[in-house]
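Chemist: Let me give you the structure first, and then I'll get to my questions.
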Amino acid sequence: MKLSKNVLETFAKLLTELARTYKTWKDDPIAFLQKEKKNSLFFSCINAPNDLKEEIRKKRDGKKPCIYQLHHTLYSQSLVRELADFLQMGTLNCLQYELNPTIEAVVYEYVNSDLDGFVRTIIHNEKLFDVQFKTLEKIVSRRVSIFKKEFAHFVYQFPVTIFNLGDEIQLSKSIRLKAIHKNDLTEEQQELFKDTRSFDYNYYLEISVPVKCSEKLSLQLAEKTRDATYNSLKLLATRLSPRAIPLVASNDRSSHRFDFHKSGKDKANMSISTTHRFSSFQFDSKQFWQAFNKGRTSENNLIDTTFMIPELLLTPNFSSQRVVDRMERALLWYGDASTEPNYYQQIQKLVSSVESIVNYKENDLTKIFIKRVTHLHITRNGLSKSVEDEAEKLYKARSKIVHGSSIDERLDYCVIDFCSETLIRAIYYISQFGFEKKGFNKKLPKFLDDLPIHAKLQNEN
């Protein structure tokens with residue numbers, strides 16, 4: 001494994017710091033601990049990795065030269081994190097902090113393979129460890145290879161309650177709604193699930209991570225995809241009807257199902273009023289699934305285009321933001337807003353959802369929001385003044401709520417209808433721009449500003 005100059009230099013700094021720390025520890029362990037405690041360092045050691053434990057134990061018991069334990073400082077820990085960043089650099093499908101144990105195993109093995117160099121650095125208080133880089137590269141290569149052997153194609157099944165769906169559905173290449181015909185939880189686990197959920201689960205959202213990666217990264221990717229899938233279904237359903245939400249996710253926040261209050265003309269004559277609340281609005285979900293299955297039969301349908309978003313989130317990305325990451329954020333806010341019982345909070349979340357797509361750190365955000373939302377609603381008849389008015393009312397209502405000047409910001413149209421239509425249209429147009437594109441903070445705003453031109457050209461063709 002060929003290491004870059006930056007990586008080699010950082011390894012040299014780390015080995016030098018560990019040598020300095022080792023001397024400090026040997027000279028006065030109590031003083032070392034007191035100093036690091038003042039630096040707010042949770043005392044941390046580097047011990048022998050599993051494959052060296054027996055060898056080091058035998059050397060220690062036999063009084064043979066070895067370094068049994070190394071000691072961290074805040075500086076050495078920061079160097080480990082820096083090395084993890086360098087080594088990961090988008091070429092290893094893992095989370096950066098997962099490389100920390102591998103780096104610690106590398107330096108532990110290297111120190112015990114070059115005891116003379118380690119001791120020389122300590123005795124002469126050298127400014128930089130004279131590292132044998134070929135030896136180091138071999139150790140790094142082997143240790144990283146060991147770590148990569150843990151990578152796999154992981155599959156996840158998240159429980160979910162689906163209303164009025166009769167069959168299993170393949171939502172995209174890697175995402176499936178799988179019916180549960182027999183509960184696979186223990187009786188105790190089922191009771192615990194029922195105690196903490198409004199509904200029992202009847203489906204799994206099955207997600208197969210298509211690339212080999214570490215388990216922790218695969219779980220992060222799967223959870224992002226899970227939430228984007230839930231929110232995509234909510235978006236598609238509420239476009240049909242605000243009451244058509246077809247699912248309750250197992251990780252949905254649920255308010256108390258039973259509530260009450262007491263009231264009366266005086267304290268001596270109080271009566272109790274009760275309400276039962278449910279965390280879903282599944283009343284039109286049957287019509288949704290019928291429309292869903294029918295809609296997928298058409299070529300280039302918007303349903304399959306929408307599910308490109310959660311599918312693309314399964315591809316690891318360690319560099320700059322992609323367009324799909326913006327879309328995921330929009331879906332996240334919308335999914336939360338769709339079941340938000342507080343009208344004012346719902347408006348804030350809906351505007352945040354749309355802003356994820358139309359606003360890009362520019363001046364006069366109100367004007368830009370109104371213009372681009374209006375552009376997204378363009379039809380063969382051109383731009384709509386009524387859409388422009390509704391976008392303006394929505395953004396102004398949100399501004400009053402956020403800045404504390406709101407009194408009663410009730411709007412004269414359904415904000416769920418308006419925002420769901422806006423997001424669906426955004427998915428249609430932005431899919432043409434490219435969900436996978438990066439470095440889009442100038443190109444995508446221009447694309448949205450030029451939508452009337454694109455629409456006119458399409459109509460002419």
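Just so we're on the same page: first chain in the structure tokens is A, next is B, and so on; residues restart at 1 for each chain, and ligands are numbered from 1 in the order they show up.
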Find the residues around stretch 384-391 of chain A up to 7 Å (only C-alpha atoms counted), leave out those fewer than 6 positions away in its own chain, and share them as a PyMOL selection string.
Modeler: chain A and resi 370+373-374+378
Chemist: If you keep all heavy atoms, can you produce a file of those selected residues as a CSV table (one decimal), in the first residue's frame?
Modeler:
chain,number,residue,atom,x,y,z
A,370,ILE,N,-40.3,32.6,-3.8
A,370,ILE,CA,-41.5,32.8,-4.6
A,370,ILE,C,-41.3,32.5,-6.1
A,370,ILE,O,-42.1,31.8,-6.7
A,370,ILE,CB,-42.0,34.2,-4.4
A,370,ILE,CG1,-42.4,34.4,-2.9
A,370,ILE,CG2,-43.2,34.5,-5.3
A,370,ILE,CD1,-42.7,35.9,-2.5
A,373,VAL,N,-40.5,28.6,-6.8
A,373,VAL,CA,-41.7,27.8,-6.5
A,373,VAL,C,-42.6,28.0,-7.7
A,373,VAL,O,-43.2,27.0,-8.2
A,373,VAL,CB,-42.3,28.1,-5.2
A,373,VAL,CG1,-43.7,27.5,-5.1
A,373,VAL,CG2,-41.4,27.6,-4.0
A,374,THR,N,-42.8,29.2,-8.1
A,374,THR,CA,-43.7,29.5,-9.2
A,374,THR,C,-43.2,28.9,-10.5
A,374,THR,O,-44.0,28.3,-11.3
A,374,THR,CB,-43.8,31.1,-9.4
A,374,THR,OG1,-44.2,31.7,-8.2
A,374,THR,CG2,-44.8,31.4,-10.5
A,378,ILE,N,-44.9,25.6,-13.4
A,378,ILE,CA,-45.2,26.0,-14.8
A,378,ILE,C,-46.0,25.0,-15.5
A,378,ILE,O,-45.7,23.8,-15.3
A,378,ILE,CB,-43.9,26.4,-15.5
A,378,ILE,CG1,-44.2,27.2,-16.8
A,378,ILE,CG2,-43.0,25.2,-15.8
A,378,ILE,CD1,-43.0,27.8,-17.5
Chemist: Using DSSP on the backbone coordinates, identify all residues within stretch 36-175 of chain A classified as alpha helix (DSSP H); present the result as number ranges by chain.
Modeler: A: 36-38, 53-61, 74-88, 100-113, 115-123, 133-148
Chemist: Looking at only C-alpha atoms, which of A:Ser44, A:Gln321, A:Ser263, A:Thr366 is the one that sits closest to A:Tyr395?
Modeler: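 So, comparing all the options, the nearest one is A:Thr366.
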Chemist: Hey, could you make a per-residue contact list for stretch 54-110 of chain A against stretch 4-12 of chain A with 8 Å as the cut-off, showing the nearest pair of atoms and its distance in Å to one decimal, counting only C-alpha atoms, sorted by chain and number, as JSON lines?
Modeler:
{"residue": "A:Leu79", "atom": "CA", "partner": "A:Thr10", "partner_atom": "CA", "distance": 6.8}
{"residue": "A:Glu82", "atom": "CA", "partner": "A:Thr10", "partner_atom": "CA", "distance": 7.9}
{"residue": "A:Leu83", "atom": "CA", "partner": "A:Val7", "partner_atom": "CA", "distance": 6.5}
{"residue": "A:Phe86", "atom": "CA", "partner": "A:Val7", "partner_atom": "CA", "distance": 6.5}
{"residue": "A:Leu87", "atom": "CA", "partner": "A:Val7", "partner_atom": "CA", "distance": 7.8}
Chemist: So, with only C-alpha atoms as the atoms that count, which of A:Thr297, A:Asn112, A:Thr274, A:Leu99 lies closest to A:Lys262?
Modeler: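 Checking each of A:Thr297, A:Asn112, A:Thr274, A:Leu99 against A:Lys262, counting only C-alpha atoms, the winner is A:Thr274.
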Chemist: Show which residues sit within 9 Å of stretch 399-409 of chain A, as a list of chain:residue names. Count only C-alpha atoms, and ignore same-chain residues fewer than 4 positions away.
Modeler: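 Contacts, with the query itself left out: A:Tyr344, A:Gln345, A:Ile347, A:Gln348, A:Leu394, A:Tyr395.
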Chemist: If you count only C-alpha atoms, which residues fall within 8 Å of A:Pro452, apart from same-chain ones fewer than 5 positions away, as a PyMOL selection string?
Modeler: chain A and resi 375+378+382-383
Chemist: Would you please give, as a list in words, all residues of stretch 51-179 of chain A that DSSP assigns to strand (DSSP E or B) based on the backbone?
Modeler: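 Answer for stretch 51-179 of chain A restricted to strand (DSSP E or B) is Leu70, His71, Ala152, Val155, Tyr156, Gln157, Phe158, Pro159, Val160, Thr161, Ile162, Ile169, Gln170, Leu171, Ser172, Ile175, Arg176, Leu177, Lys178 and Ala179 of chain A.
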Chemist: What's the 12 Å shell around A:Arg296, counting only C-alpha atoms, without same-chain residues fewer than 5 positions away, as a short mmCIF file (atom, residue, chain, number, x, y, z; two decimals) with all heavy atoms, in the first residue's frame?
Modeler:
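What landed in around22.cif:
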data_model
loop_
_atom_site.label_atom_id
_atom_site.label_comp_id
_atom_site.auth_asym_id
_atom_site.auth_seq_id
_atom_site.Cartn_x
_atom_site.Cartn_y
_atom_site.Cartn_z
N ILE A 169 -44.09 -5.34 -2.55
CA ILE A 169 -43.73 -4.41 -3.62
C ILE A 169 -42.22 -4.20 -3.65
O ILE A 169 -41.60 -3.96 -2.61
CB ILE A 169 -44.43 -3.04 -3.42
CG1 ILE A 169 -45.92 -3.15 -3.68
CG2 ILE A 169 -43.84 -1.99 -4.36
CD1 ILE A 169 -46.65 -1.82 -3.57
N GLN A 170 -41.64 -4.26 -4.84
CA GLN A 170 -40.25 -3.89 -5.04
C GLN A 170 -40.24 -2.41 -5.41
O GLN A 170 -40.65 -2.02 -6.51
CB GLN A 170 -39.63 -4.73 -6.17
CG GLN A 170 -38.13 -4.61 -6.28
CD GLN A 170 -37.40 -5.43 -5.22
OE1 GLN A 170 -37.85 -6.49 -4.83
NE2 GLN A 170 -36.26 -4.93 -4.75
N LEU A 171 -39.81 -1.56 -4.49
CA LEU A 171 -39.86 -0.12 -4.72
C LEU A 171 -38.74 0.36 -5.62
O LEU A 171 -38.89 1.32 -6.38
CB LEU A 171 -39.82 0.62 -3.38
CG LEU A 171 -41.01 0.35 -2.46
CD1 LEU A 171 -40.79 0.99 -1.10
CD2 LEU A 171 -42.31 0.86 -3.08
N SER A 172 -37.57 -0.27 -5.50
CA SER A 172 -36.44 0.03 -6.37
C SER A 172 -35.55 -1.21 -6.36
O SER A 172 -35.90 -2.23 -5.75
CB SER A 172 -35.66 1.27 -5.89
OG SER A 172 -35.02 1.00 -4.67
N TRP A 289 -52.84 3.15 -2.79
CA TRP A 289 -52.14 1.97 -3.33
C TRP A 289 -52.68 1.59 -4.70
O TRP A 289 -51.93 1.12 -5.56
CB TRP A 289 -52.25 0.80 -2.35
CG TRP A 289 -51.40 0.98 -1.14
CD1 TRP A 289 -51.81 1.10 0.16
CD2 TRP A 289 -49.96 1.09 -1.10
NE1 TRP A 289 -50.74 1.28 0.99
CE2 TRP A 289 -49.59 1.27 0.25
CE3 TRP A 289 -48.97 1.04 -2.07
CZ2 TRP A 289 -48.26 1.40 0.65
CZ3 TRP A 289 -47.64 1.18 -1.67
CH2 TRP A 289 -47.30 1.36 -0.34
N GLN A 290 -53.97 1.80 -4.92
CA GLN A 290 -54.53 1.55 -6.25
C GLN A 290 -53.91 2.49 -7.28
O GLN A 290 -53.49 2.06 -8.37
CB GLN A 290 -56.06 1.72 -6.22
CG GLN A 290 -56.78 0.64 -5.43
CD GLN A 290 -58.26 0.94 -5.24
OE1 GLN A 290 -58.73 2.07 -5.49
NE2 GLN A 290 -59.01 -0.04 -4.77
N ALA A 291 -53.83 3.78 -6.92
CA ALA A 291 -53.22 4.77 -7.81
C ALA A 291 -51.73 4.50 -7.98
O ALA A 291 -51.17 4.70 -9.06
CB ALA A 291 -53.46 6.17 -7.26
N ASN A 301 -42.52 6.95 -15.23
CA ASN A 301 -43.46 7.49 -14.25
C ASN A 301 -42.72 8.17 -13.10
O ASN A 301 -41.57 7.84 -12.78
CB ASN A 301 -44.38 6.38 -13.73
CG ASN A 301 -43.59 5.31 -12.98
OD1 ASN A 301 -43.28 5.47 -11.80
ND2 ASN A 301 -43.25 4.22 -13.65
N LEU A 302 -43.43 9.09 -12.45
CA LEU A 302 -42.82 9.86 -11.37
C LEU A 302 -42.59 9.03 -10.11
O LEU A 302 -41.76 9.39 -9.28
CB LEU A 302 -43.72 11.06 -11.03
CG LEU A 302 -43.37 12.37 -11.74
CD1 LEU A 302 -44.40 13.42 -11.44
CD2 LEU A 302 -41.99 12.85 -11.30
N ILE A 303 -43.31 7.93 -9.99
CA ILE A 303 -43.14 7.09 -8.80
C ILE A 303 -41.74 6.48 -8.79
O ILE A 303 -41.01 6.57 -7.80
CB ILE A 303 -44.22 5.99 -8.76
CG1 ILE A 303 -45.61 6.63 -8.58
CG2 ILE A 303 -43.94 5.00 -7.64
CD1 ILE A 303 -46.76 5.66 -8.71
N ASP A 304 -41.36 5.87 -9.90
CA ASP A 304 -40.03 5.27 -9.98
C ASP A 304 -38.94 6.34 -9.92
O ASP A 304 -37.85 6.10 -9.37
CB ASP A 304 -39.89 4.44 -11.25
CG ASP A 304 -40.69 3.15 -11.17
OD1 ASP A 304 -41.01 2.71 -10.05
OD2 ASP A 304 -41.03 2.58 -12.23
N THR A 305 -39.21 7.50 -10.49
CA THR A 305 -38.25 8.61 -10.40
C THR A 305 -38.04 9.03 -8.95
O THR A 305 -36.91 9.27 -8.52
CB THR A 305 -38.75 9.82 -11.22
OG1 THR A 305 -38.95 9.43 -12.57
CG2 THR A 305 -37.75 10.96 -11.17
N THR A 306 -39.12 9.08 -8.18
CA THR A 306 -39.02 9.45 -6.77
C THR A 306 -38.18 8.46 -5.99
O THR A 306 -37.35 8.85 -5.16
CB THR A 306 -40.43 9.54 -6.14
OG1 THR A 306 -41.20 10.52 -6.85
CG2 THR A 306 -40.34 9.93 -4.67
N PHE A 307 -38.33 7.17 -6.28
CA PHE A 307 -37.59 6.15 -5.53
C PHE A 307 -36.14 6.01 -5.99
O PHE A 307 -35.39 5.23 -5.40
CB PHE A 307 -38.33 4.81 -5.56
CG PHE A 307 -39.51 4.80 -4.64
CD1 PHE A 307 -40.80 4.84 -5.15
CD2 PHE A 307 -39.34 4.81 -3.27
CE1 PHE A 307 -41.89 4.86 -4.31
CE2 PHE A 307 -40.43 4.83 -2.41
CZ PHE A 307 -41.72 4.85 -2.93
#
Chemist: If we count only C-alpha atoms, what is near A:Ala105 at a cut-off of 12 Å, once residues fewer than 6 positions away on the same chain are taken out, given as a compact mmCIF listing (two decimals) with all heavy atoms, in the first residue's frame?
Modeler:
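Wrote out_10.txt, looks like this:
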# COMPACT_ATOMS: atom_id res chain seq x y z
N CYS A 45 -5.37 4.19 26.53
CA CYS A 45 -4.13 3.47 26.21
C CYS A 45 -4.26 2.77 24.87
O CYS A 45 -5.36 2.50 24.39
CB CYS A 45 -3.83 2.42 27.28
SG CYS A 45 -3.63 3.11 28.92
N ILE A 46 -3.12 2.46 24.28
CA ILE A 46 -3.08 1.62 23.08
C ILE A 46 -2.49 0.28 23.50
O ILE A 46 -1.31 0.19 23.85
CB ILE A 46 -2.23 2.25 21.96
CG1 ILE A 46 -2.78 3.64 21.59
CG2 ILE A 46 -2.19 1.35 20.74
CD1 ILE A 46 -1.95 4.37 20.56
N ASN A 47 -3.32 -0.74 23.52
CA ASN A 47 -2.89 -2.07 23.91
C ASN A 47 -2.62 -2.93 22.68
O ASN A 47 -2.96 -2.54 21.56
CB ASN A 47 -3.94 -2.73 24.80
CG ASN A 47 -4.15 -1.97 26.10
OD1 ASN A 47 -3.18 -1.65 26.78
ND2 ASN A 47 -5.39 -1.66 26.43
N ALA A 48 -2.09 -4.09 22.89
CA ALA A 48 -1.76 -5.00 21.79
C ALA A 48 -3.03 -5.40 21.04
O ALA A 48 -4.03 -5.76 21.67
CB ALA A 48 -1.06 -6.25 22.32
N PRO A 49 -3.02 -5.35 19.70
CA PRO A 49 -4.16 -5.86 18.94
C PRO A 49 -4.29 -7.37 19.17
O PRO A 49 -3.33 -8.03 19.62
CB PRO A 49 -3.79 -5.54 17.49
CG PRO A 49 -2.32 -5.35 17.48
CD PRO A 49 -1.95 -4.84 18.84
N ASN A 50 -5.43 -7.92 18.89
CA ASN A 50 -5.72 -9.32 19.21
C ASN A 50 -4.67 -10.28 18.67
O ASN A 50 -4.28 -11.24 19.35
CB ASN A 50 -7.10 -9.72 18.67
CG ASN A 50 -8.21 -9.05 19.46
OD1 ASN A 50 -8.03 -8.74 20.64
ND2 ASN A 50 -9.34 -8.82 18.83
N ASP A 51 -4.18 -10.05 17.45
CA ASP A 51 -3.25 -11.00 16.83
C ASP A 51 -1.83 -10.89 17.41
O ASP A 51 -0.96 -11.71 17.09
CB ASP A 51 -3.22 -10.82 15.32
CG ASP A 51 -2.80 -9.42 14.90
OD1 ASP A 51 -2.97 -8.48 15.70
OD2 ASP A 51 -2.29 -9.26 13.79
N LEU A 52 -1.58 -9.90 18.26
CA LEU A 52 -0.25 -9.76 18.88
C LEU A 52 -0.28 -9.97 20.40
O LEU A 52 0.78 -9.97 21.03
CB LEU A 52 0.33 -8.37 18.58
CG LEU A 52 0.75 -8.07 17.14
CD1 LEU A 52 1.32 -6.66 17.04
CD2 LEU A 52 1.79 -9.08 16.64
N LYS A 53 -1.45 -10.14 20.96
CA LYS A 53 -1.56 -10.24 22.42
C LYS A 53 -0.72 -11.37 23.00
O LYS A 53 0.01 -11.17 23.98
CB LYS A 53 -3.03 -10.43 22.81
CG LYS A 53 -3.83 -9.15 22.85
CD LYS A 53 -5.25 -9.39 23.30
CE LYS A 53 -6.01 -8.06 23.36
NZ LYS A 53 -7.42 -8.26 23.76
N GLN A 69 2.53 -1.26 26.38
CA GLN A 69 1.40 -0.34 26.32
C GLN A 69 1.86 1.06 25.94
O GLN A 69 2.90 1.53 26.41
CB GLN A 69 0.70 -0.30 27.68
CG GLN A 69 -0.67 0.33 27.68
CD GLN A 69 -1.33 0.22 29.05
OE1 GLN A 69 -0.80 0.73 30.04
NE2 GLN A 69 -2.47 -0.46 29.11
N LEU A 70 1.09 1.71 25.06
CA LEU A 70 1.35 3.10 24.68
C LEU A 70 0.24 3.97 25.26
O LEU A 70 -0.87 3.49 25.53
CB LEU A 70 1.40 3.23 23.16
CG LEU A 70 2.52 2.45 22.45
CD1 LEU A 70 2.30 2.43 20.95
CD2 LEU A 70 3.88 3.07 22.77
N VAL A 80 -4.42 10.63 15.23
CA VAL A 80 -5.11 9.40 14.81
C VAL A 80 -6.33 9.75 13.96
O VAL A 80 -6.56 9.14 12.91
CB VAL A 80 -5.53 8.55 16.04
CG1 VAL A 80 -6.48 7.43 15.61
CG2 VAL A 80 -4.30 7.96 16.71
N LEU A 99 -11.64 3.55 11.56
CA LEU A 99 -10.24 3.27 11.26
C LEU A 99 -9.31 3.52 12.45
O LEU A 99 -8.15 3.11 12.41
CB LEU A 99 -9.77 4.12 10.07
CG LEU A 99 -10.19 3.61 8.68
CD1 LEU A 99 -10.01 4.69 7.64
CD2 LEU A 99 -9.40 2.37 8.31
N VAL A 111 6.02 0.03 16.49
CA VAL A 111 6.91 0.32 17.62
C VAL A 111 7.63 -0.95 18.08
O VAL A 111 8.84 -0.94 18.34
CB VAL A 111 6.11 0.95 18.79
CG1 VAL A 111 6.92 0.91 20.09
CG2 VAL A 111 5.74 2.40 18.45
N ASN A 112 6.90 -2.06 18.14
CA ASN A 112 7.50 -3.31 18.60
C ASN A 112 8.36 -3.98 17.53
O ASN A 112 9.11 -4.90 17.83
CB ASN A 112 6.42 -4.27 19.10
CG ASN A 112 5.99 -3.95 20.51
OD1 ASN A 112 6.67 -4.27 21.47
ND2 ASN A 112 4.85 -3.27 20.64
N LEU A 136 6.66 0.43 7.62
CA LEU A 136 5.37 1.01 8.01
C LEU A 136 4.31 0.74 6.95
O LEU A 136 3.18 0.35 7.27
CB LEU A 136 5.53 2.51 8.24
CG LEU A 136 4.24 3.27 8.62
CD1 LEU A 136 3.73 2.80 9.99
CD2 LEU A 136 4.48 4.77 8.62
N ILE A 139 2.99 -2.77 7.11
CA ILE A 139 2.09 -2.98 8.25
C ILE A 139 0.73 -2.34 7.99
O ILE A 139 -0.32 -2.95 8.23
CB ILE A 139 2.73 -2.40 9.53
CG1 ILE A 139 4.00 -3.18 9.89
CG2 ILE A 139 1.73 -2.46 10.70
CD1 ILE A 139 4.79 -2.57 11.05
N VAL A 140 0.73 -1.12 7.45
CA VAL A 140 -0.53 -0.44 7.13
C VAL A 140 -1.33 -1.25 6.13
O VAL A 140 -2.55 -1.47 6.30
CB VAL A 140 -0.27 0.98 6.59
CG1 VAL A 140 -1.57 1.60 6.08
CG2 VAL A 140 0.35 1.87 7.65
N SER A 141 -0.67 -1.72 5.07
CA SER A 141 -1.34 -2.48 4.03
C SER A 141 -2.00 -3.72 4.60
O SER A 141 -3.16 -4.04 4.29
CB SER A 141 -0.34 -2.86 2.94
OG SER A 141 -0.98 -3.57 1.90
N ARG A 142 -1.27 -4.44 5.45
CA ARG A 142 -1.80 -5.68 6.02
C ARG A 142 -2.96 -5.39 6.97
O ARG A 142 -3.99 -6.08 6.94
CB ARG A 142 -0.69 -6.44 6.74
CG ARG A 142 -1.10 -7.84 7.22
CD ARG A 142 0.10 -8.62 7.72
NE ARG A 142 0.71 -7.97 8.87
CZ ARG A 142 0.23 -8.08 10.12
NH1 ARG A 142 -0.85 -8.81 10.35
NH2 ARG A 142 0.84 -7.47 11.12
N ARG A 143 -2.80 -4.38 7.80
CA ARG A 143 -3.84 -4.05 8.77
C ARG A 143 -5.13 -3.55 8.08
O ARG A 143 -6.24 -3.90 8.50
CB ARG A 143 -3.34 -3.00 9.75
CG ARG A 143 -2.25 -3.47 10.70
CD ARG A 143 -2.82 -4.24 11.84
NE ARG A 143 -1.80 -4.88 12.66
CZ ARG A 143 -2.04 -5.80 13.56
NH1 ARG A 143 -3.28 -6.23 13.75
NH2 ARG A 143 -1.07 -6.33 14.26
N VAL A 144 -4.97 -2.74 7.07
CA VAL A 144 -6.14 -2.25 6.33
C VAL A 144 -6.84 -3.41 5.63
O VAL A 144 -8.07 -3.49 5.58
CB VAL A 144 -5.75 -1.14 5.34
CG1 VAL A 144 -6.92 -0.82 4.40
CG2 VAL A 144 -5.32 0.12 6.08
N ILE A 146 -6.91 -6.52 6.63
CA ILE A 146 -7.64 -7.25 7.67
C ILE A 146 -8.97 -6.55 7.97
O ILE A 146 -10.03 -7.19 8.08
CB ILE A 146 -6.79 -7.35 8.96
CG1 ILE A 146 -5.58 -8.26 8.73
CG2 ILE A 146 -7.63 -7.87 10.12
CD1 ILE A 146 -4.58 -8.25 9.88
N PHE A 147 -8.92 -5.22 8.07
CA PHE A 147 -10.12 -4.44 8.35
C PHE A 147 -11.15 -4.59 7.22
O PHE A 147 -12.34 -4.78 7.47
CB PHE A 147 -9.74 -2.98 8.55
CG PHE A 147 -10.91 -2.05 8.73
CD1 PHE A 147 -11.79 -2.20 9.79
CD2 PHE A 147 -11.12 -1.00 7.84
CE1 PHE A 147 -12.87 -1.34 9.96
CE2 PHE A 147 -12.19 -0.13 8.00
CZ PHE A 147 -13.07 -0.31 9.07
Chemist: Grab the atom CA of A:Gln34 to atom CA of A:Val106 distance for me, in Å with one decimal place.
Modeler: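 These two atoms are separated by 27.7 Å.
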Chemist: Would you write out, as a tab-separated table, a table of all residues in stretch 256-317 of chain A that have an atom no more than 9 Å from an atom of stretch 202-221 of chain A, listing for each the closest atom pair and the distance in Å to one decimal, considering only C-alpha atoms and ordering rows by chain and rising residue number?
Modeler:
residue	atom	partner	partner_atom	distance
A:Leu313	CA	A:Leu221	CA	6.6
A:Leu314	CA	A:Leu221	CA	5.3
A:Thr315	CA	A:Val211	CA	7.2
A:Pro316	CA	A:Leu221	CA	7.4
Chemist: Rank A:Val358, A:Ile416, A:Ala249, A:Ile175 by their smallest atom-to-atom distance to A:Ala237, using only C-alpha atoms, and report the top residue only.
Modeler: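 The answer is A:Ile416, which sits nearest to A:Ala237.
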Chemist: Counting only C-alpha atoms, what is within 7 Å of A:Val323, bar same-chain residues fewer than 4 positions away, as a list in words?
Modeler: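 The residues satisfying every condition are Met327, Phe435, Glu436, Lys437 and Lys438 of chain A.
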Chemist: When you count only C-alpha atoms, which of these residues is closest to A:Leu236: A:Thr102, A:Thr422, A:Gln432, A:Asn93?
Modeler: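 Once distances to A:Leu236 are computed over only C-alpha atoms, the minimum belongs to A:Thr422.
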Chemist: Using only C-alpha atoms, pick whichever of A:His377, A:His153, A:Lys367, A:Lys35 has the shortest atom-to-atom distance to A:Lys396.
Modeler: A:Lys367
Chemist: Provide the atom CA of A:Asp417 to atom CA of A:Phe288 distance in Å, to one decimal place.
Modeler: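 Computing it gives 14.7 Å between the two atoms.
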Chemist: Which distance in Å separates atom CA of A:Ser338 and atom CA of A:Ile162, to one decimal?
Modeler: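 Answer for the atom CA of A:Ser338 to atom CA of A:Ile162 separation: 16.3 Å.
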Chemist: Nearest to A:Thr339 among A:Arg398, A:Leu235, A:Ser76, A:Gln189, with distances taken over only C-alpha atoms: which residue is it?
Modeler: A:Leu235
